[in-house]
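Everything below belongs to work_12.cif, which stores mmCIF, C-alpha atoms.
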```
data_my_file
#
loop_
_atom_site.label_atom_id
_atom_site.label_comp_id
_atom_site.auth_asym_id
_atom_site.auth_seq_id
_atom_site.Cartn_x
_atom_site.Cartn_y
_atom_site.Cartn_z
CA MET A 16 0.00 0.00 0.00
CA ILE A 17 1.23 3.48 -0.87
CA ASP A 18 1.23 6.12 1.85
CA PRO A 19 -1.87 8.26 1.14
CA GLU A 20 0.06 11.43 1.98
CA LEU A 21 1.95 10.91 -1.29
CA GLU A 22 -1.18 11.37 -3.39
CA PRO A 23 -1.07 15.22 -3.65
CA PHE A 24 2.60 15.06 -4.59
CA LEU A 25 1.99 12.43 -7.26
CA LYS A 26 -0.90 14.42 -8.69
CA ALA A 27 1.28 17.52 -9.03
CA TRP A 28 4.28 15.55 -10.31
CA ASN A 29 2.31 13.69 -12.99
CA ALA A 30 0.58 16.87 -14.14
CA ALA A 31 3.91 18.65 -14.48
CA TRP A 32 5.45 15.88 -16.59
CA SER A 33 2.33 15.45 -18.75
CA VAL A 34 3.43 18.33 -21.02
CA LEU A 35 6.47 16.34 -22.22
CA PRO A 36 5.91 15.53 -25.93
CA PRO A 37 6.09 11.91 -27.11
CA GLY A 38 9.62 11.04 -28.19
CA ALA A 39 11.20 13.86 -26.19
CA THR A 40 14.98 13.76 -26.12
CA PRO A 41 17.10 13.53 -22.97
CA ARG A 42 17.94 17.22 -23.43
CA GLU A 43 14.26 18.16 -23.47
CA ARG A 44 13.62 16.04 -20.39
CA ARG A 45 16.47 17.79 -18.58
CA ILE A 46 15.08 21.22 -19.34
CA LEU A 47 11.59 20.31 -18.16
CA PHE A 48 12.96 18.70 -14.99
CA GLU A 49 14.68 21.95 -14.06
CA TYR A 50 11.42 23.88 -14.41
CA ILE A 51 9.46 21.25 -12.45
CA ALA A 52 11.99 21.18 -9.64
CA ASP A 53 12.01 24.96 -9.42
CA ASP A 54 8.21 25.16 -9.31
CA MET A 55 7.92 22.43 -6.64
CA ALA A 56 10.86 23.62 -4.54
CA PHE A 57 10.52 23.97 -0.77
CA PRO A 58 11.48 27.15 1.10
CA ARG A 59 15.21 27.48 1.63
CA PRO A 60 16.16 26.32 5.12
CA GLU A 61 17.59 28.98 7.38
CA GLY A 62 21.32 29.16 7.89
CA VAL A 63 22.40 27.53 4.61
CA ARG A 64 24.38 29.47 2.04
CA THR A 65 25.12 28.21 -1.46
CA SER A 66 28.15 28.66 -3.69
CA ALA A 67 29.80 26.87 -6.62
CA ARG A 68 33.25 25.61 -7.52
CA PHE A 69 34.80 23.83 -10.49
CA VAL A 70 36.64 20.51 -10.33
CA PRO A 71 39.01 19.43 -13.12
CA SER A 72 38.33 15.90 -14.35
CA GLY A 73 39.63 14.66 -17.66
CA ASP A 74 38.85 17.30 -20.28
CA ARG A 75 35.97 18.83 -18.31
CA LEU A 76 35.52 21.24 -15.46
CA VAL A 77 32.83 19.67 -13.28
CA THR A 78 30.57 22.16 -11.53
CA VAL A 79 29.85 21.43 -7.88
CA ARG A 80 27.17 23.09 -5.78
CA ILE A 81 28.19 23.71 -2.17
CA ASP A 82 25.46 23.99 0.46
CA ARG A 83 27.09 24.97 3.74
CA PHE A 84 25.56 25.68 7.09
CA GLU A 85 26.66 29.12 8.21
CA GLY A 86 29.35 29.11 10.82
CA GLU A 87 33.07 29.15 11.23
CA GLY A 88 35.40 26.21 11.54
CA ARG A 89 35.84 22.95 9.69
CA GLN A 90 32.67 20.99 9.00
CA PRO A 91 31.88 17.40 8.05
CA CYS A 92 31.10 16.98 4.37
CA LEU A 93 28.82 14.79 2.27
CA VAL A 94 29.67 14.55 -1.43
CA TYR A 95 26.27 13.95 -3.05
CA MET A 96 25.29 12.58 -6.47
CA HIS A 97 21.81 13.47 -7.69
CA GLY A 98 19.39 10.98 -9.23
CA GLY A 99 17.86 11.11 -12.69
CA ALA A 100 18.64 7.84 -14.51
CA TRP A 101 22.16 9.06 -15.35
CA MET A 102 20.63 11.26 -18.08
CA GLN A 103 18.82 14.11 -16.31
CA GLY A 104 18.77 16.03 -13.05
CA SER A 105 21.36 18.34 -11.55
CA PRO A 106 22.48 19.73 -8.21
CA MET A 107 19.72 22.32 -8.63
CA THR A 108 16.92 19.75 -9.07
CA HIS A 109 18.03 18.04 -5.86
CA ALA A 110 18.82 21.13 -3.81
CA ASP A 111 15.85 20.53 -1.51
CA ILE A 112 17.62 17.37 -0.34
CA THR A 113 21.17 18.71 -0.07
CA MET A 114 20.20 21.95 1.67
CA ARG A 115 18.18 20.06 4.27
CA ILE A 116 21.00 17.67 5.03
CA ALA A 117 23.31 20.67 5.46
CA ALA A 118 20.82 22.42 7.75
CA THR A 119 19.90 19.37 9.83
CA ASN A 120 23.50 18.32 10.50
CA ARG A 121 25.06 21.81 10.42
CA GLN A 122 27.48 20.53 7.81
CA THR A 123 28.60 21.01 4.22
CA VAL A 124 27.04 19.11 1.31
CA LEU A 125 28.79 19.25 -2.04
CA SER A 126 26.60 18.17 -4.97
CA VAL A 127 28.26 17.00 -8.20
CA ASP A 128 27.03 18.10 -11.64
CA TYR A 129 28.48 14.99 -13.28
CA ALA A 130 28.43 14.32 -17.04
CA LEU A 131 25.13 12.90 -18.29
CA ALA A 132 24.27 10.10 -20.72
CA PRO A 133 23.87 9.44 -23.56
CA GLU A 134 26.35 12.14 -24.57
CA HIS A 135 28.77 10.97 -21.86
CA PRO A 136 28.30 7.23 -21.22
CA PHE A 137 29.98 5.08 -18.57
CA PRO A 138 32.56 5.48 -17.12
CA GLN A 139 32.82 9.29 -17.36
CA ALA A 140 30.31 10.10 -14.60
CA VAL A 141 31.99 7.64 -12.21
CA HIS A 142 35.40 9.14 -12.90
CA GLU A 143 34.09 12.66 -12.28
CA CYS A 144 32.51 11.64 -8.97
CA ARG A 145 35.72 9.88 -7.91
CA ASP A 146 37.81 12.88 -8.91
CA THR A 147 35.51 15.20 -6.99
CA LEU A 148 35.92 13.17 -3.81
CA MET A 149 39.69 13.36 -4.21
CA TRP A 150 39.52 17.10 -4.91
CA VAL A 151 37.42 17.76 -1.80
CA ARG A 152 39.91 16.04 0.47
CA GLU A 153 42.90 17.74 -1.13
CA ARG A 154 41.28 21.17 -0.77
CA ALA A 155 39.58 20.59 2.54
CA GLY A 156 41.34 23.52 4.18
CA ASP A 157 40.18 25.99 1.55
CA LEU A 158 36.63 24.58 1.74
CA GLU A 159 36.64 24.65 5.57
CA ILE A 160 35.96 20.91 5.62
CA ASP A 161 37.44 18.37 7.99
CA PRO A 162 39.38 15.98 5.70
CA ALA A 163 38.76 13.11 8.11
CA LEU A 164 34.96 13.57 7.91
CA ILE A 165 34.06 13.16 4.24
CA ALA A 166 31.21 10.82 3.31
CA VAL A 167 29.65 9.99 -0.05
CA GLY A 168 25.99 9.60 -0.96
CA GLY A 169 23.28 9.91 -3.54
CA ASP A 170 19.85 8.80 -4.62
CA SER A 171 18.81 6.38 -7.40
CA ALA A 172 21.39 6.64 -10.21
CA GLY A 173 23.32 8.96 -7.91
CA ALA A 174 23.44 6.22 -5.28
CA ASN A 175 24.88 3.92 -7.94
CA LEU A 176 27.61 6.48 -8.60
CA ALA A 177 28.24 6.97 -4.87
CA ALA A 178 28.66 3.22 -4.31
CA ALA A 179 30.93 2.99 -7.35
CA ALA A 180 33.07 5.90 -6.17
CA ALA A 181 33.46 4.21 -2.77
CA ILE A 182 34.69 1.08 -4.56
CA ALA A 183 37.06 3.10 -6.76
CA LEU A 184 38.66 4.79 -3.74
CA ARG A 185 38.68 1.80 -1.39
CA GLY A 186 41.96 1.47 0.46
CA THR A 187 43.23 4.92 -0.51
CA GLU A 188 43.65 8.05 1.55
CA HIS A 189 40.69 9.52 -0.32
CA ALA A 190 38.24 6.80 0.67
CA PRO A 191 35.02 8.19 2.21
CA ILE A 192 34.19 7.27 5.80
CA ALA A 193 30.55 6.39 5.06
CA GLN A 194 28.14 5.87 2.16
CA LEU A 195 24.51 7.01 2.11
CA LEU A 196 22.67 5.09 -0.62
CA VAL A 197 19.06 6.10 -1.21
CA TYR A 198 16.97 3.73 -3.39
CA PRO A 199 20.10 2.62 -5.27
CA CYS A 200 20.44 0.75 -8.54
CA VAL A 201 23.34 -1.68 -8.23
CA HIS A 202 22.96 -4.09 -11.16
CA PHE A 203 21.48 -4.17 -14.67
CA GLU A 204 20.03 -7.67 -14.97
CA MET A 205 16.66 -6.61 -13.52
CA SER A 206 16.52 -10.06 -11.94
CA PHE A 207 14.95 -9.39 -8.54
CA PRO A 208 11.26 -9.88 -7.66
CA SER A 209 10.66 -6.16 -7.07
CA TYR A 210 11.14 -5.46 -10.78
CA GLU A 211 8.00 -7.48 -11.47
CA GLU A 212 6.09 -6.71 -8.28
CA ASN A 213 6.49 -2.95 -8.74
CA ALA A 214 6.72 -2.85 -12.54
CA ASP A 215 4.15 -0.05 -12.82
CA ALA A 216 4.95 1.83 -9.63
CA PRO A 217 4.78 5.64 -9.46
CA LEU A 218 7.74 7.73 -10.69
CA LEU A 219 9.76 4.74 -11.94
CA GLN A 220 8.51 1.89 -14.12
CA THR A 221 10.36 -1.21 -15.21
CA ARG A 222 9.49 -0.84 -18.89
CA GLY A 223 11.74 2.19 -19.34
CA MET A 224 14.81 0.74 -17.66
CA PRO A 225 16.42 -1.23 -20.52
CA GLY A 226 16.57 1.89 -22.70
CA VAL A 227 17.97 4.01 -19.89
CA ASN A 228 20.56 1.36 -18.99
CA ALA A 229 21.66 1.17 -22.62
CA MET A 230 22.12 4.95 -22.78
CA TYR A 231 24.29 4.98 -19.67
CA CYS A 232 26.23 1.80 -20.39
CA PRO A 233 25.91 0.88 -24.09
CA ASP A 234 28.61 -1.81 -23.86
CA GLU A 235 26.79 -4.85 -22.45
CA ALA A 236 30.02 -6.39 -21.20
CA ALA A 237 30.69 -3.27 -19.11
CA ARG A 238 27.42 -3.75 -17.24
CA LYS A 239 29.22 -6.30 -15.06
CA ASN A 240 32.01 -3.84 -14.25
CA PRO A 241 31.72 -3.05 -10.52
CA LEU A 242 32.05 0.66 -11.24
CA ALA A 243 28.87 0.38 -13.32
CA ALA A 244 27.17 -2.32 -11.23
CA PRO A 245 28.57 -2.27 -7.68
CA LEU A 246 26.77 -5.53 -6.82
CA HIS A 247 29.22 -7.36 -9.09
CA ALA A 248 32.41 -6.37 -7.28
CA GLU A 249 34.56 -9.43 -6.57
CA SER A 250 34.78 -8.33 -2.95
CA HIS A 251 32.98 -5.73 -0.88
CA ALA A 252 35.38 -5.99 2.04
CA GLY A 253 36.93 -2.78 3.26
CA LEU A 254 34.14 -0.53 2.02
CA PRO A 255 32.80 2.17 4.37
CA PRO A 256 29.71 1.67 6.57
CA ALA A 257 26.50 2.11 4.63
CA PHE A 258 22.99 3.40 5.17
CA ILE A 259 20.73 1.93 2.49
CA ALA A 260 17.24 3.36 2.11
CA VAL A 261 14.78 1.41 -0.03
CA ALA A 262 11.11 2.00 -0.81
CA GLN A 263 8.47 -0.70 -0.54
CA ASN A 264 6.79 0.29 -3.82
CA ASP A 265 9.89 0.63 -5.96
CA PRO A 266 11.24 -1.62 -8.75
CA LEU A 267 14.72 -1.00 -7.28
CA ARG A 268 13.73 -2.10 -3.77
CA ASP A 269 15.52 -5.44 -3.95
CA ASP A 270 18.69 -3.87 -5.36
CA GLY A 271 19.11 -2.15 -2.02
CA TYR A 272 18.46 -5.33 -0.06
CA ALA A 273 20.88 -7.33 -2.23
CA TYR A 274 23.64 -4.76 -1.80
CA ALA A 275 23.09 -4.70 1.94
CA GLU A 276 23.52 -8.48 2.02
CA LYS A 277 26.74 -8.28 0.02
CA LEU A 278 28.18 -5.63 2.32
CA ARG A 279 27.20 -7.46 5.49
CA ALA A 280 28.70 -10.70 4.19
CA ALA A 281 31.96 -8.82 3.69
CA GLY A 282 31.90 -7.48 7.26
CA VAL A 283 30.74 -3.96 6.40
CA PRO A 284 28.33 -2.37 8.93
CA VAL A 285 24.99 -1.65 7.24
CA GLU A 286 21.77 0.01 8.36
CA VAL A 287 18.71 -0.49 6.14
CA ASP A 288 15.51 1.53 6.11
CA ASP A 289 12.63 -0.41 4.54
CA GLY A 290 10.63 2.61 3.36
CA GLU A 291 7.27 1.04 4.16
CA GLY A 292 4.51 2.61 2.09
CA LEU A 293 6.95 4.74 0.12
CA ILE A 294 7.91 5.01 -3.54
CA HIS A 295 11.02 5.63 -5.59
CA GLY A 296 11.99 9.29 -5.29
CA TYR A 297 10.11 9.81 -2.03
CA LEU A 298 12.53 12.49 -0.82
CA ARG A 299 11.00 14.77 -3.44
CA ALA A 300 7.70 14.53 -1.53
CA MET A 301 8.91 15.91 1.80
CA GLY A 302 6.54 18.86 1.47
CA HIS A 303 3.55 16.53 1.51
CA CYS A 304 4.55 13.34 3.31
CA GLU A 305 5.62 13.11 6.94
CA ALA A 306 7.22 9.71 6.40
CA SER A 307 9.50 11.23 3.75
CA ARG A 308 10.62 13.92 6.18
CA MET A 309 11.22 11.35 8.90
CA LYS A 310 13.37 9.25 6.57
CA LEU A 311 15.60 12.22 5.79
CA GLU A 312 15.94 12.88 9.52
CA ARG A 313 17.00 9.27 10.06
CA MET A 314 19.59 9.51 7.30
CA CYS A 315 20.97 12.70 8.81
CA HIS A 316 21.19 11.17 12.27
CA TRP A 317 23.03 8.17 10.88
CA LEU A 318 25.50 10.45 9.11
CA ALA A 319 26.01 12.50 12.27
CA ASP A 320 26.78 9.30 14.19
CA ARG A 321 29.38 8.30 11.58
CA TYR A 322 31.04 11.70 11.82
CA ALA A 323 31.07 11.49 15.61
CA ALA A 324 32.63 8.03 15.51
CA ALA A 325 35.38 9.21 13.15
CA ARG A 326 36.36 12.26 15.19
#
```

Transcribe the structure of this file into structure tokens.
Amino acid sequence: MIDPELEPFLKAWNAAWSVLPPGATPRERRILFEYIADDMAFPRPEGVRTSARFVPSGDRLVTVRIDRFEGEGRQPCLVYMHGGAWMQGSPMTHADITMRIAATNRQTVLSVDYALAPEHPFPQAVHECRDTLMWVRERAGDLEIDPALIAVGGDSAGANLAAAAAIALRGTEHAPIAQLLVYPCVHFEMSFPSYEENADAPLLQTRGMPGVNAMYCPDEAARKNPLAAPLHAESHAGLPPAFIAVAQNDPLRDDGYAYAEKLRAAGVPVEVDDGEGLIHGYLRAMGHCEASRMKLERMCHWLADRYAAAR
């Protein structure tokens, strides 16, 4: 059963997307998403200021949005990857999430405007997220960030990139201390029961996934690469503690459960939130749904505990 408090959000969301013409391109979807996110945005939380920086990665300068709680001194940091099926979304479309994490935990959240598919297929986005994590640690003093308190996180496709970046940096001085994975996609086989059980769920439907997966990772052989599909890593040992949030009514629900099992089997501490009654993308509904707000609070508390343990 879907939480009834989500109904007003879904009505507004579906109406906003209904103007998208049949056959719209990824570029057109991106533009509309920016307008929708702006129209549905929540009030800015008090005490958070926003700025931007540029991170060199390959032949691109990657824009990063910095939401920082006002105050002096070095803060913990979460490097966040937005969702959007690897082909749409931006730090601006997900600012409601990043600003509220910054405000709740009185910390810094740095959101990565990584390269989007299909123009920039795998592995470019992963490399840019990895390079951003390295850049943040190396410039922690300038950013007023504690270099020992850098975590990684994201939602949906962004959670995939966050998990992949944690794998890429495992065992290095740049490895994050924690990973916050919100309704993550961690494999491409679509083999778990939730893909069938929630095939026609709100916001995300199974029928569109093969096309999206092919845009992000057109080389089928690469879809077993752990930086594309973190579930397929040969080992998950040595990865940072994880908070994995799933949603009951989400095709990706069982991806989160499967990744939690892999991490636990490798000795990695994991906390899972089952998201009872919730849907994919539920953090977008915080203005309507109390359960969505409570889930964000739980994620923030978990992050705060990880920072406290690492101090």

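Using all atoms listed in the file, the smallest distance between any of A:Ile116, A:Leu164, A:Val151, A:Val201 and A:Ala324 comes from A:Leu164.
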
Atom CA of A:Ala56 sits from atom CA of A:Arg121 at a separation of 20.7 Å

Please produce, as a tab-separated table, a per-residue contact table for stretch 268-303 of chain A versus stretch 232-246 of chain A (criterion: any atom at most 12 Å away, all atoms listed in the file considered), showing the nearest atom pair and its distance in Å to one decimal, sorted by chain then residue number.
```
residue	atom	partner	partner_atom	distance
A:Asp269	CA	A:Leu246	CA	11.6
A:Asp270	CA	A:Leu246	CA	8.4
A:Gly271	CA	A:Leu246	CA	9.7
A:Tyr272	CA	A:Leu246	CA	10.7
A:Ala273	CA	A:Leu246	CA	7.7
A:Tyr274	CA	A:Leu246	CA	6.0
A:Ala275	CA	A:Leu246	CA	9.5
A:Glu276	CA	A:Leu246	CA	9.9
A:Lys277	CA	A:Leu246	CA	7.4
A:Leu278	CA	A:Leu246	CA	9.2
```

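A straight line drawn from atom CA of A:Gly282 to atom CA of A:Ile259 is 15.4 Å long.
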
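Take the candidates A:Gly86, A:Gly292, A:Gly99, A:Gly302 and check each one against A:Met55 using all atoms listed in the file; the shortest distance goes to A:Gly302.
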
Enter the distance from atom CA of A:Gln263 to atom CA of A:Cys304, in Å, rounded to one decimal. 15.1 Å

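What the PyMOL selection byres ((chain A and resi 252) around 10) grabs from this file is Ile182, Arg185, Ala248, Glu249, Ser250, His251, Gly253, Leu254, Pro255, Lys277, Leu278, Arg279, Ala280, Ala281, Gly282 and Val283 of chain A.
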
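Nearest to A:Arg268 of all the residues A:His247, A:His295, A:Arg59, A:Arg89 is A:His295, based on only C-alpha atoms.
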
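Checking A:Leu267, A:Ser33, A:Gln90, A:Arg313 one by one against A:Asp157, counting only C-alpha atoms, you find the shortest gap at A:Gln90.
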
Given the PyMOL selection byres ((chain A and resi 39-50) around 7) and the file above, list the residues it selects as JSON, numbers by chain. {"A": [35, 36, 37, 38, 51, 52, 53, 54, 102, 103, 104, 108]}

Expansion of the PyMOL selection byres ((chain A and resi 137-147) around 6) into residues, as a ChimeraX atom specification: /A:72,129-130,136,148-150,176,180,231-232

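Considering all atoms listed in the file, the residue among A:Val227, A:Leu158, A:Val127, A:Val261 positioned nearest to A:Ser209 is A:Val261.
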
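The nearest approach to A:Leu131 among the residues A:Ala166, A:Arg326, A:Ala183, A:Ser105, with all atoms listed in the file taken into account, belongs to A:Ser105.
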
List the neighbours of A:Ile192 out to 12 Å using only C-alpha atoms; skip same-chain residues closer than 5 positions along the sequence, and give me the result as a short mmCIF file (atom, residue, chain, number, x, y, z; two decimals) with C-alpha atoms, in the frame of the given file.
```cif
data_model
loop_
_atom_site.label_atom_id
_atom_site.label_comp_id
_atom_site.auth_asym_id
_atom_site.auth_seq_id
_atom_site.Cartn_x
_atom_site.Cartn_y
_atom_site.Cartn_z
CA PRO A 91 31.88 17.40 8.05
CA CYS A 92 31.10 16.98 4.37
CA LEU A 93 28.82 14.79 2.27
CA VAL A 94 29.67 14.55 -1.43
CA LEU A 148 35.92 13.17 -3.81
CA ARG A 152 39.91 16.04 0.47
CA ASP A 161 37.44 18.37 7.99
CA PRO A 162 39.38 15.98 5.70
CA ALA A 163 38.76 13.11 8.11
CA LEU A 164 34.96 13.57 7.91
CA ILE A 165 34.06 13.16 4.24
CA ALA A 166 31.21 10.82 3.31
CA VAL A 167 29.65 9.99 -0.05
CA GLY A 168 25.99 9.60 -0.96
CA ALA A 181 33.46 4.21 -2.77
CA LEU A 184 38.66 4.79 -3.74
CA ARG A 185 38.68 1.80 -1.39
CA GLY A 186 41.96 1.47 0.46
CA THR A 187 43.23 4.92 -0.51
CA GLY A 253 36.93 -2.78 3.26
CA LEU A 254 34.14 -0.53 2.02
CA PRO A 255 32.80 2.17 4.37
CA PRO A 256 29.71 1.67 6.57
CA ALA A 257 26.50 2.11 4.63
CA PHE A 258 22.99 3.40 5.17
CA VAL A 283 30.74 -3.96 6.40
CA PRO A 284 28.33 -2.37 8.93
CA LEU A 318 25.50 10.45 9.11
CA ALA A 319 26.01 12.50 12.27
CA ASP A 320 26.78 9.30 14.19
CA ARG A 321 29.38 8.30 11.58
CA TYR A 322 31.04 11.70 11.82
CA ALA A 323 31.07 11.49 15.61
CA ALA A 324 32.63 8.03 15.51
CA ALA A 325 35.38 9.21 13.15
CA ARG A 326 36.36 12.26 15.19
#
```

Set the distance at 8 Å and use only C-alpha atoms: which residues neighbour A:Ala174 once local chain neighbours fewer than 3 positions away are removed? I'd like the list as a CSV table (one decimal) with C-alpha atoms, in the frame of the given file.
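Writing done, so here's around.csv:
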```
chain,number,residue,atom,x,y,z
A,96,MET,CA,25.3,12.6,-6.5
A,97,HIS,CA,21.8,13.5,-7.7
A,98,GLY,CA,19.4,11.0,-9.2
A,168,GLY,CA,26.0,9.6,-1.0
A,169,GLY,CA,23.3,9.9,-3.5
A,170,ASP,CA,19.8,8.8,-4.6
A,171,SER,CA,18.8,6.4,-7.4
A,177,ALA,CA,28.2,7.0,-4.9
A,178,ALA,CA,28.7,3.2,-4.3
A,195,LEU,CA,24.5,7.0,2.1
A,196,LEU,CA,22.7,5.1,-0.6
A,197,VAL,CA,19.1,6.1,-1.2
A,198,TYR,CA,17.0,3.7,-3.4
A,199,PRO,CA,20.1,2.6,-5.3
A,200,CYS,CA,20.4,0.8,-8.5
```

Return as AutoDock Vina command-line options the centre and edge lengths, in Å with one decimal, of the box along x, y and z that encloses every atom of stretch 129-143 of chain A in the file, padded by 3 Å per side.
```
--center_x 29.6 --center_y 10.0 --center_z -18.4 --size_x 17.5 --size_y 15.9 --size_z 18.4
```
